[in-house]
file run-v3.cif (mmCIF, C-alpha atoms)
data_input
#
loop_
_atom_site.label_atom_id
_atom_site.label_comp_id
_atom_site.auth_asym_id
_atom_site.auth_seq_id
_atom_site.Cartn_x
_atom_site.Cartn_y
_atom_site.Cartn_z
CA MET X 1 1.03 -21.26 -10.62
CA ALA X 2 0.54 -17.53 -10.14
CA LYS X 3 0.45 -16.35 -6.54
CA ILE X 4 -0.66 -13.08 -4.92
CA SER X 5 1.45 -11.77 -2.05
CA LEU X 6 -0.60 -9.48 0.21
CA LEU X 7 1.70 -7.16 2.15
CA VAL X 8 0.24 -5.82 5.41
CA PRO X 9 2.08 -3.62 7.91
CA SER X 10 0.22 -4.15 11.19
CA ARG X 11 0.79 -3.56 14.88
CA GLU X 12 -1.34 -5.22 17.58
CA ARG X 13 -4.91 -5.12 16.15
CA ILE X 14 -5.55 -8.84 16.62
CA ASN X 15 -9.26 -8.47 15.84
CA LEU X 16 -8.53 -6.73 12.54
CA LYS X 17 -6.00 -9.38 11.59
CA LEU X 18 -8.45 -12.19 12.32
CA THR X 19 -11.22 -10.41 10.41
CA LEU X 20 -8.93 -9.97 7.40
CA ILE X 21 -7.85 -13.62 7.55
CA SER X 22 -11.47 -14.78 7.83
CA SER X 23 -12.48 -12.67 4.82
CA LEU X 24 -9.72 -14.25 2.75
CA VAL X 25 -10.64 -17.79 3.76
CA SER X 26 -14.30 -17.20 2.91
CA THR X 27 -13.79 -15.46 -0.45
CA CYS X 28 -10.72 -16.99 -2.11
CA HIS X 29 -11.38 -19.45 -4.90
CA ASN X 30 -8.20 -21.23 -3.84
CA ILE X 31 -6.38 -20.18 -0.68
CA ASN X 32 -3.17 -21.47 -2.26
CA ASN X 33 -3.42 -18.55 -4.69
CA ILE X 34 -2.37 -16.15 -1.94
CA GLU X 35 0.11 -15.55 0.81
CA LEU X 36 -0.62 -13.00 3.54
CA ILE X 37 2.47 -11.34 5.01
CA PHE X 38 2.20 -9.29 8.19
CA GLY X 39 4.97 -6.94 9.27
CA THR X 40 5.24 -6.80 13.07
CA ASP X 41 7.36 -4.41 15.11
CA ASP X 42 9.97 -5.95 17.39
CA ASP X 43 8.38 -4.16 20.34
CA ASP X 44 4.78 -5.10 19.47
CA PRO X 45 3.23 -6.27 22.78
CA LYS X 46 1.15 -8.81 20.84
CA LYS X 47 4.00 -10.22 18.78
CA GLU X 48 4.03 -13.68 20.40
CA LEU X 49 0.30 -14.11 19.81
CA ILE X 50 0.68 -12.84 16.24
CA GLU X 51 3.46 -15.34 15.63
CA ARG X 52 1.31 -18.21 16.96
CA ILE X 53 -1.59 -17.20 14.71
CA CYS X 54 0.67 -17.04 11.66
CA ASN X 55 2.35 -20.36 12.46
CA ASN X 56 -1.03 -22.09 12.51
CA LEU X 57 -2.08 -20.93 9.05
CA SER X 58 -0.22 -22.21 6.01
CA PHE X 59 -0.92 -19.13 3.88
CA VAL X 60 0.06 -16.56 6.53
CA LYS X 61 3.52 -15.52 7.62
CA ASN X 62 4.92 -12.91 9.94
CA VAL X 63 7.98 -10.75 9.32
CA PRO X 64 9.63 -9.07 12.33
CA VAL X 65 10.48 -5.41 11.78
CA GLN X 66 13.33 -3.76 13.66
CA ASN X 67 11.83 -0.45 14.72
CA ASN X 68 14.00 0.48 17.73
CA GLY X 69 10.92 1.41 19.72
CA LYS X 70 9.76 3.98 17.17
CA PHE X 71 7.19 4.31 14.44
CA ILE X 72 9.35 3.98 11.31
CA GLY X 73 6.52 4.56 8.83
CA ILE X 74 4.24 2.08 7.12
CA ASN X 75 5.88 2.60 3.73
CA ARG X 76 9.24 1.41 4.97
CA ILE X 77 7.49 -1.67 6.32
CA TRP X 78 5.79 -2.33 2.96
CA ASN X 79 9.24 -2.22 1.36
CA ILE X 80 10.61 -4.66 3.93
CA LEU X 81 7.73 -7.06 3.32
CA TYR X 82 8.28 -6.91 -0.43
CA GLU X 83 11.60 -8.66 0.08
CA TYR X 84 9.80 -11.64 1.65
CA ALA X 85 7.11 -11.93 -1.02
CA GLU X 86 7.12 -15.06 -3.15
CA GLY X 87 4.26 -14.11 -5.48
CA ASP X 88 4.37 -12.70 -9.00
CA ILE X 89 1.54 -10.32 -8.06
CA ILE X 90 2.11 -7.94 -5.16
CA GLY X 91 -0.87 -6.71 -3.14
CA TYR X 92 -0.81 -3.35 -1.33
CA ILE X 93 -3.42 -3.44 1.46
CA GLY X 94 -4.00 -2.39 5.05
CA ASP X 95 -4.98 -4.41 8.09
CA ASP X 96 -8.34 -2.62 8.17
CA MET X 97 -9.56 -4.12 4.89
CA ILE X 98 -12.08 -6.91 4.33
CA PHE X 99 -12.40 -8.91 1.10
CA LYS X 100 -16.05 -9.20 0.07
CA THR X 101 -16.15 -10.61 -3.47
CA PRO X 102 -16.10 -14.40 -3.99
CA ASP X 103 -13.27 -15.66 -6.20
CA TRP X 104 -11.55 -12.28 -6.22
CA ASP X 105 -8.18 -14.06 -6.29
CA SER X 106 -8.94 -15.73 -9.62
CA MET X 107 -10.14 -12.41 -11.03
CA ILE X 108 -6.95 -10.62 -10.00
CA ILE X 109 -4.73 -13.40 -11.35
CA ASP X 110 -6.59 -13.23 -14.69
CA GLU X 111 -5.75 -9.51 -14.87
CA PHE X 112 -2.07 -10.43 -14.98
CA ARG X 113 -2.29 -13.22 -17.55
CA GLY X 114 -2.11 -13.41 -21.31
CA ASP X 115 -3.43 -10.47 -23.29
CA ASN X 116 -4.56 -8.72 -20.10
CA LEU X 117 -0.94 -8.03 -19.14
CA PRO X 118 1.14 -5.67 -21.30
CA SER X 119 4.33 -7.18 -22.68
CA ASP X 120 6.39 -4.88 -20.44
CA LYS X 121 4.41 -6.15 -17.39
CA PHE X 122 3.77 -2.62 -16.09
CA LYS X 123 0.22 -2.57 -14.75
CA LEU X 124 -1.75 -1.72 -11.60
CA VAL X 125 -5.20 -3.04 -10.69
CA HIS X 126 -7.24 -1.55 -7.88
CA CYS X 127 -10.69 -2.41 -6.58
CA TYR X 128 -13.78 -0.83 -5.05
CA ASP X 129 -13.05 0.23 -1.47
CA GLY X 130 -16.67 0.67 -0.35
CA TYR X 131 -16.61 4.45 -0.80
CA ARG X 132 -15.11 5.49 -4.13
CA PRO X 133 -17.04 4.07 -7.10
CA ILE X 134 -14.74 5.80 -9.60
CA ASP X 135 -11.11 5.44 -10.63
CA GLU X 136 -9.37 8.14 -8.59
CA ILE X 137 -6.95 6.60 -6.07
CA CYS X 138 -5.66 3.13 -5.24
CA VAL X 139 -6.17 2.55 -1.51
CA ASN X 140 -5.75 -1.10 -2.42
CA ALA X 141 -3.54 -2.17 -5.31
CA PHE X 142 -2.17 -5.17 -7.16
CA THR X 143 0.94 -4.87 -9.30
CA THR X 144 3.74 -6.91 -10.82
CA ARG X 145 7.36 -6.64 -9.74
CA LYS X 146 8.16 -4.41 -12.72
CA TYR X 147 7.72 -1.14 -10.82
CA TYR X 148 10.14 -2.20 -8.07
CA GLU X 149 12.66 -3.42 -10.62
CA MET X 150 12.61 -0.05 -12.38
CA ILE X 151 12.43 2.28 -9.38
CA GLY X 152 13.99 0.33 -6.53
CA TYR X 153 11.15 0.48 -4.00
CA PHE X 154 7.56 -0.64 -3.69
CA THR X 155 6.26 2.39 -1.79
CA ARG X 156 8.00 5.74 -1.43
CA PRO X 157 9.76 5.33 1.95
CA GLU X 158 9.87 8.97 3.06
CA PHE X 159 6.13 9.11 3.69
CA LEU X 160 5.42 8.01 7.26
CA ILE X 161 1.66 8.00 6.67
CA ASN X 162 -0.59 8.85 3.71
CA TRP X 163 0.32 9.65 0.09
CA SER X 164 2.03 6.41 -0.93
CA ASP X 165 -1.15 5.25 -2.68
CA GLN X 166 -1.49 8.51 -4.60
CA TRP X 167 2.20 8.46 -5.56
CA MET X 168 1.93 4.93 -6.91
CA TYR X 169 -1.40 5.63 -8.60
CA GLN X 170 -0.13 8.66 -10.51
CA SER X 171 3.04 6.85 -11.61
CA TYR X 172 0.86 4.24 -13.35
CA LYS X 173 -1.88 6.65 -14.43
CA ALA X 174 0.65 8.76 -16.32
CA PHE X 175 1.00 5.83 -18.75
CA ASP X 176 -2.65 4.72 -18.74
CA ARG X 177 -1.74 1.48 -16.99
CA ILE X 178 -4.48 1.55 -14.35
CA LYS X 179 -7.33 -0.97 -14.31
CA HIS X 180 -10.18 -0.23 -11.89
CA ARG X 181 -12.09 -3.38 -10.96
CA LYS X 182 -15.11 -1.84 -9.32
CA ASP X 183 -16.77 -5.27 -9.38
CA ILE X 184 -14.25 -6.50 -6.78
CA HIS X 185 -15.13 -5.17 -3.33
CA ILE X 186 -12.37 -4.77 -0.75
CA GLN X 187 -13.97 -2.84 2.09
CA HIS X 188 -11.72 -0.26 3.71
CA ASN X 189 -12.82 0.17 7.32
CA HIS X 190 -10.66 3.18 8.13
CA TRP X 191 -11.41 5.14 11.30
CA VAL X 192 -11.37 8.41 9.32
CA LEU X 193 -14.40 7.13 7.40
CA GLY X 194 -16.31 6.46 10.60
CA CYS X 195 -16.21 2.67 10.23
CA ARG X 196 -14.62 2.13 13.61
CA LYS X 197 -13.13 4.13 16.44
CA ARG X 198 -9.66 5.58 16.21
CA ASP X 199 -7.42 3.26 18.24
CA ASN X 200 -4.12 3.53 20.06
CA ILE X 201 -2.25 2.40 16.93
CA ALA X 202 -3.65 5.32 14.94
CA ASP X 203 -2.73 7.62 17.83
CA ARG X 204 0.78 6.19 17.80
CA MET X 205 1.20 6.79 14.08
CA HIS X 206 0.15 10.43 14.48
CA ALA X 207 2.13 11.09 17.65
CA ASP X 208 5.53 12.73 17.87
CA LEU X 209 7.51 9.55 18.49
CA ASN X 210 10.42 10.13 16.17
CA THR X 211 11.27 13.79 16.01
CA THR X 212 14.06 13.27 13.50
CA HIS X 213 11.35 12.83 10.86
CA LEU X 214 9.16 15.75 11.90
CA ASN X 215 8.81 19.45 11.38
CA LYS X 216 9.38 21.76 14.32
CA LYS X 217 5.84 21.24 15.60
CA GLY X 218 6.12 17.47 15.50
CA ASN X 219 3.03 16.90 13.35
CA ILE X 220 3.44 13.75 11.28
CA GLU X 221 0.36 14.34 9.13
CA LYS X 222 1.39 17.87 8.18
CA TYR X 223 4.93 16.63 7.58
CA SER X 224 3.65 13.99 5.15
CA ASN X 225 1.37 16.47 3.42
CA GLN X 226 4.24 18.89 2.90
CA LEU X 227 6.51 16.09 1.76
CA TRP X 228 4.18 15.34 -1.15
CA TYR X 229 5.05 18.73 -2.58
CA ASP X 230 8.67 18.75 -1.47
CA LEU X 231 9.21 15.54 -3.47
CA ARG X 232 7.36 16.68 -6.60
CA GLU X 233 10.59 16.92 -8.64
CA ASP X 234 11.56 13.41 -7.53
CA HIS X 235 8.16 12.18 -8.64
CA LYS X 236 8.54 13.78 -12.06
CA ASP X 237 12.01 12.25 -12.40
CA GLU X 238 10.59 8.85 -11.51
CA ILE X 239 7.89 9.15 -14.15
CA ARG X 240 10.42 10.27 -16.76
CA LYS X 241 12.57 7.24 -15.89
CA ILE X 242 9.62 4.88 -16.28
CA GLY X 243 8.77 6.51 -19.60
CA LYS X 244 12.29 5.99 -20.92
CA ILE X 245 12.36 2.35 -19.85
CA LEU X 246 8.94 1.63 -21.35
CA ASN X 247 9.49 3.92 -24.34
CA LEU X 248 6.26 5.74 -23.52
CA LYS X 249 5.41 9.41 -23.20
CA PRO X 250 3.79 10.34 -19.85
CA ASN X 251 0.51 12.20 -19.61
CA TRP X 252 1.46 15.02 -17.23
CA ALA X 253 -2.16 16.16 -16.95
CA VAL X 254 -2.84 13.35 -14.46
CA VAL X 255 0.24 14.04 -12.34
CA ASP X 256 0.01 16.52 -9.44
CA THR X 257 3.26 18.42 -9.84
CA GLU X 258 2.18 21.90 -8.77
CA TYR X 259 3.47 23.37 -5.52
CA ILE X 260 0.93 24.31 -2.87
CA ASP X 261 2.05 26.23 0.20
CA LEU X 262 0.57 24.32 3.13
CA GLY X 263 1.87 26.83 5.64
CA GLU X 264 3.60 26.35 8.96
CA ASN X 265 0.56 25.40 11.05
#

call {"tool": "encode", "arguments": {"input": "run-v3.cif", "output": "structure tokens"}}
result
Amino acid sequence: MAKISLLVPSRERINLKLTLISSLVSTCHNINNIELIFGTDDDDPKKELIERICNNLSFVKNVPVQNNGKFIGINRIWNILYEYAEGDIIGYIGDDMIFKTPDWDSMIIDEFRGDNLPSDKFKLVHCYDGYRPIDEICVNAFTTRKYYEMIGYFTRPEFLINWSDQWMYQSYKAFDRIKHRKDIHIQHNHWVLGCRKRDNIADRMHADLNTTHLNKKGNIEKYSNQLWYDLREDHKDEIRKIGKILNLKPNWAVVDTEYIDLGEN
């Protein structure tokens, strides 16, 4: 039976975890279709409570993350969680998302069955996030293991915050392997969108906690923004590699490869 592994880096945020869990229980056609995997820092002050919650739910598990007291970046955590996933379909989501559409799990599984799945198994499905009604970025995503097998990671690990969704999206879009299921609603309640207040976890992710990763001003967001352009040649090489493996020619018009000087400030 096909299974969806939902990978969720998450620190503290017990209320968000419980809301996400509740939304899955109330919308899944069959809860056995999914496994929810949280990644929890070793120094998370709520880790014992998180572990108890996960131990009491058969479809939820917790993976401890060795972070040495620092914010190591959510993309590194997504890659760690990938190694614990048992499903054929890998879900890229955040802890601030809520599943709204009944039977969404059956719909996603159908997207990766039979004639819906290319023979090379390279495909990404993303859903309506509550804000973007068009196909432009995958803030949530469902994929097969093919991408990891070809590239060697699930999300680009250098990005501490931001950009991993756009990187992944463009790698699939270059080969017209994106399916936008706007009929499946996965609400993204991000603080930037005004859905809730910015919390201490968001502050922590934006703070200068690990200066080895940062520019001289210690701004993680600006560092990640600049990194998008610093890695543009790597991204092009990745897309060329995928094209060779799949024997497909990429559409460079949908790939952001131009350099933009973001400045020092």

call {"tool": "closest_residue", "arguments": {"input": "run-v3.cif", "among": "X:Ile21, X:Ile14, X:Val139, X:Ile80", "to": "X:Leu49", "atoms": "only C-alpha atoms"}}
result
X:Ile14

call {"tool": "atom_distance", "arguments": {"input": "run-v3.cif", "atom1": "atom CA of X:Val255", "atom2": "atom CA of X:Ala202"}}
result
28.9 Å

call {"tool": "resolve_selection", "arguments": {"input": "run-v3.cif", "expression": "the PyMOL selection byres ((chain X and resi 92) around 7)", "output": "MDAnalysis selection string"}}
result
chainID X and resid 6:7 90:91 93 140:142

call {"tool": "residues_around", "arguments": {"input": "run-v3.cif", "residues": "stretch 240-249 of chain X", "least_positions_apart": "2", "cutoff": "10 Å", "atoms": "only C-alpha atoms", "output": "list of chain:residue names"}}
result
X:Asp120, X:Lys121, X:Phe122, X:Tyr147, X:Met150, X:Ile151, X:Ser171, X:Tyr172, X:Ala174, X:Phe175, X:Asp234, X:His235, X:Lys236, X:Asp237, X:Glu238, X:Asn251, X:Trp252

call {"tool": "residues_around", "arguments": {"input": "run-v3.cif", "residues": "X:Arg181", "least_positions_apart": "3", "cutoff": "8 Å", "atoms": "only C-alpha atoms", "output": "PDB file with C-alpha atoms, in the frame of the given file"}}
result
ATOM      1  CA  VAL X 125      -5.200  -3.040 -10.690  1.00  0.00           C
ATOM      2  CA  HIS X 126      -7.240  -1.550  -7.880  1.00  0.00           C
ATOM      3  CA  CYS X 127     -10.690  -2.410  -6.580  1.00  0.00           C
ATOM      4  CA  TYR X 128     -13.780  -0.830  -5.050  1.00  0.00           C
ATOM      5  CA  ILE X 184     -14.250  -6.500  -6.780  1.00  0.00           C
TER       6      ILE X 184
END

call {"tool": "closest_residue", "arguments": {"input": "run-v3.cif", "among": "X:Lys182, X:His188, X:Asp42, X:Ser26", "to": "X:Lys70", "atoms": "all atoms listed in the file"}}
result
X:Asp42

call {"tool": "build_atoms", "arguments": {"input": "run-v3.cif", "residues": "stretch 42-64 of chain X", "atoms": "N, CA, C and O atoms", "output": "short mmCIF file (atom, residue, chain, number, x, y, z; two decimals), in the coordinates of the input"}}
result
data_model
loop_
_atom_site.label_atom_id
_atom_site.label_comp_id
_atom_site.auth_asym_id
_atom_site.auth_seq_id
_atom_site.Cartn_x
_atom_site.Cartn_y
_atom_site.Cartn_z
N ASP X 42 9.29 -5.18 16.36
CA ASP X 42 9.97 -5.95 17.39
C ASP X 42 9.40 -5.70 18.78
O ASP X 42 9.43 -6.59 19.64
N ASP X 43 8.90 -4.49 19.02
CA ASP X 43 8.38 -4.16 20.34
C ASP X 43 6.86 -4.25 20.42
O ASP X 43 6.25 -3.74 21.36
N ASP X 44 6.24 -4.92 19.44
CA ASP X 44 4.78 -5.10 19.47
C ASP X 44 4.42 -5.96 20.68
O ASP X 44 4.89 -7.11 20.79
N PRO X 45 3.57 -5.47 21.60
CA PRO X 45 3.23 -6.27 22.78
C PRO X 45 2.44 -7.53 22.46
O PRO X 45 2.34 -8.43 23.30
N LYS X 46 1.91 -7.63 21.25
CA LYS X 46 1.15 -8.81 20.84
C LYS X 46 1.95 -9.73 19.92
O LYS X 46 1.38 -10.65 19.32
N LYS X 47 3.25 -9.52 19.81
CA LYS X 47 4.00 -10.22 18.78
C LYS X 47 4.01 -11.73 18.96
O LYS X 47 3.99 -12.48 17.98
N GLU X 48 4.02 -12.23 20.20
CA GLU X 48 4.03 -13.68 20.40
C GLU X 48 2.70 -14.29 19.96
O GLU X 48 2.68 -15.37 19.34
N LEU X 49 1.60 -13.63 20.26
CA LEU X 49 0.30 -14.11 19.81
C LEU X 49 0.20 -14.05 18.29
O LEU X 49 -0.31 -14.99 17.65
N ILE X 50 0.70 -12.97 17.70
CA ILE X 50 0.68 -12.84 16.24
C ILE X 50 1.48 -13.97 15.60
O ILE X 50 1.04 -14.58 14.62
N GLU X 51 2.62 -14.27 16.17
CA GLU X 51 3.46 -15.34 15.63
C GLU X 51 2.74 -16.69 15.72
O GLU X 51 2.80 -17.50 14.77
N ARG X 52 2.05 -16.94 16.82
CA ARG X 52 1.31 -18.21 16.96
C ARG X 52 0.19 -18.30 15.93
O ARG X 52 -0.03 -19.37 15.34
N ILE X 53 -0.51 -17.20 15.71
CA ILE X 53 -1.59 -17.20 14.71
C ILE X 53 -1.02 -17.51 13.33
O ILE X 53 -1.55 -18.36 12.60
N CYS X 54 0.07 -16.85 12.98
CA CYS X 54 0.67 -17.04 11.66
C CYS X 54 1.20 -18.46 11.49
O CYS X 54 1.08 -19.06 10.41
N ASN X 55 1.79 -19.01 12.54
CA ASN X 55 2.35 -20.36 12.46
C ASN X 55 1.29 -21.43 12.26
O ASN X 55 1.59 -22.53 11.79
N ASN X 56 0.05 -21.11 12.62
CA ASN X 56 -1.03 -22.09 12.51
C ASN X 56 -1.80 -22.00 11.20
O ASN X 56 -2.77 -22.74 11.01
N LEU X 57 -1.39 -21.10 10.32
CA LEU X 57 -2.08 -20.93 9.05
C LEU X 57 -1.06 -21.01 7.93
O LEU X 57 -0.11 -20.21 7.88
N SER X 58 -1.24 -21.94 7.02
CA SER X 58 -0.22 -22.21 6.01
C SER X 58 -0.01 -21.04 5.05
O SER X 58 1.07 -20.91 4.48
N PHE X 59 -1.03 -20.21 4.86
CA PHE X 59 -0.92 -19.13 3.88
C PHE X 59 -0.54 -17.78 4.51
O PHE X 59 -0.49 -16.76 3.82
N VAL X 60 -0.26 -17.80 5.82
CA VAL X 60 0.06 -16.56 6.53
C VAL X 60 1.47 -16.65 7.11
O VAL X 60 1.86 -17.68 7.64
N LYS X 61 2.22 -15.57 6.97
CA LYS X 61 3.52 -15.52 7.62
C LYS X 61 3.75 -14.15 8.23
O LYS X 61 3.12 -13.16 7.84
N ASN X 62 4.63 -14.13 9.20
CA ASN X 62 4.92 -12.91 9.94
C ASN X 62 6.39 -12.53 9.75
O ASN X 62 7.27 -13.39 9.82
N VAL X 63 6.62 -11.25 9.49
CA VAL X 63 7.98 -10.75 9.32
C VAL X 63 8.28 -9.75 10.43
O VAL X 63 7.59 -8.74 10.56
N PRO X 64 9.28 -10.03 11.28
CA PRO X 64 9.63 -9.07 12.33
C PRO X 64 10.32 -7.85 11.73
O PRO X 64 11.13 -7.96 10.82
#
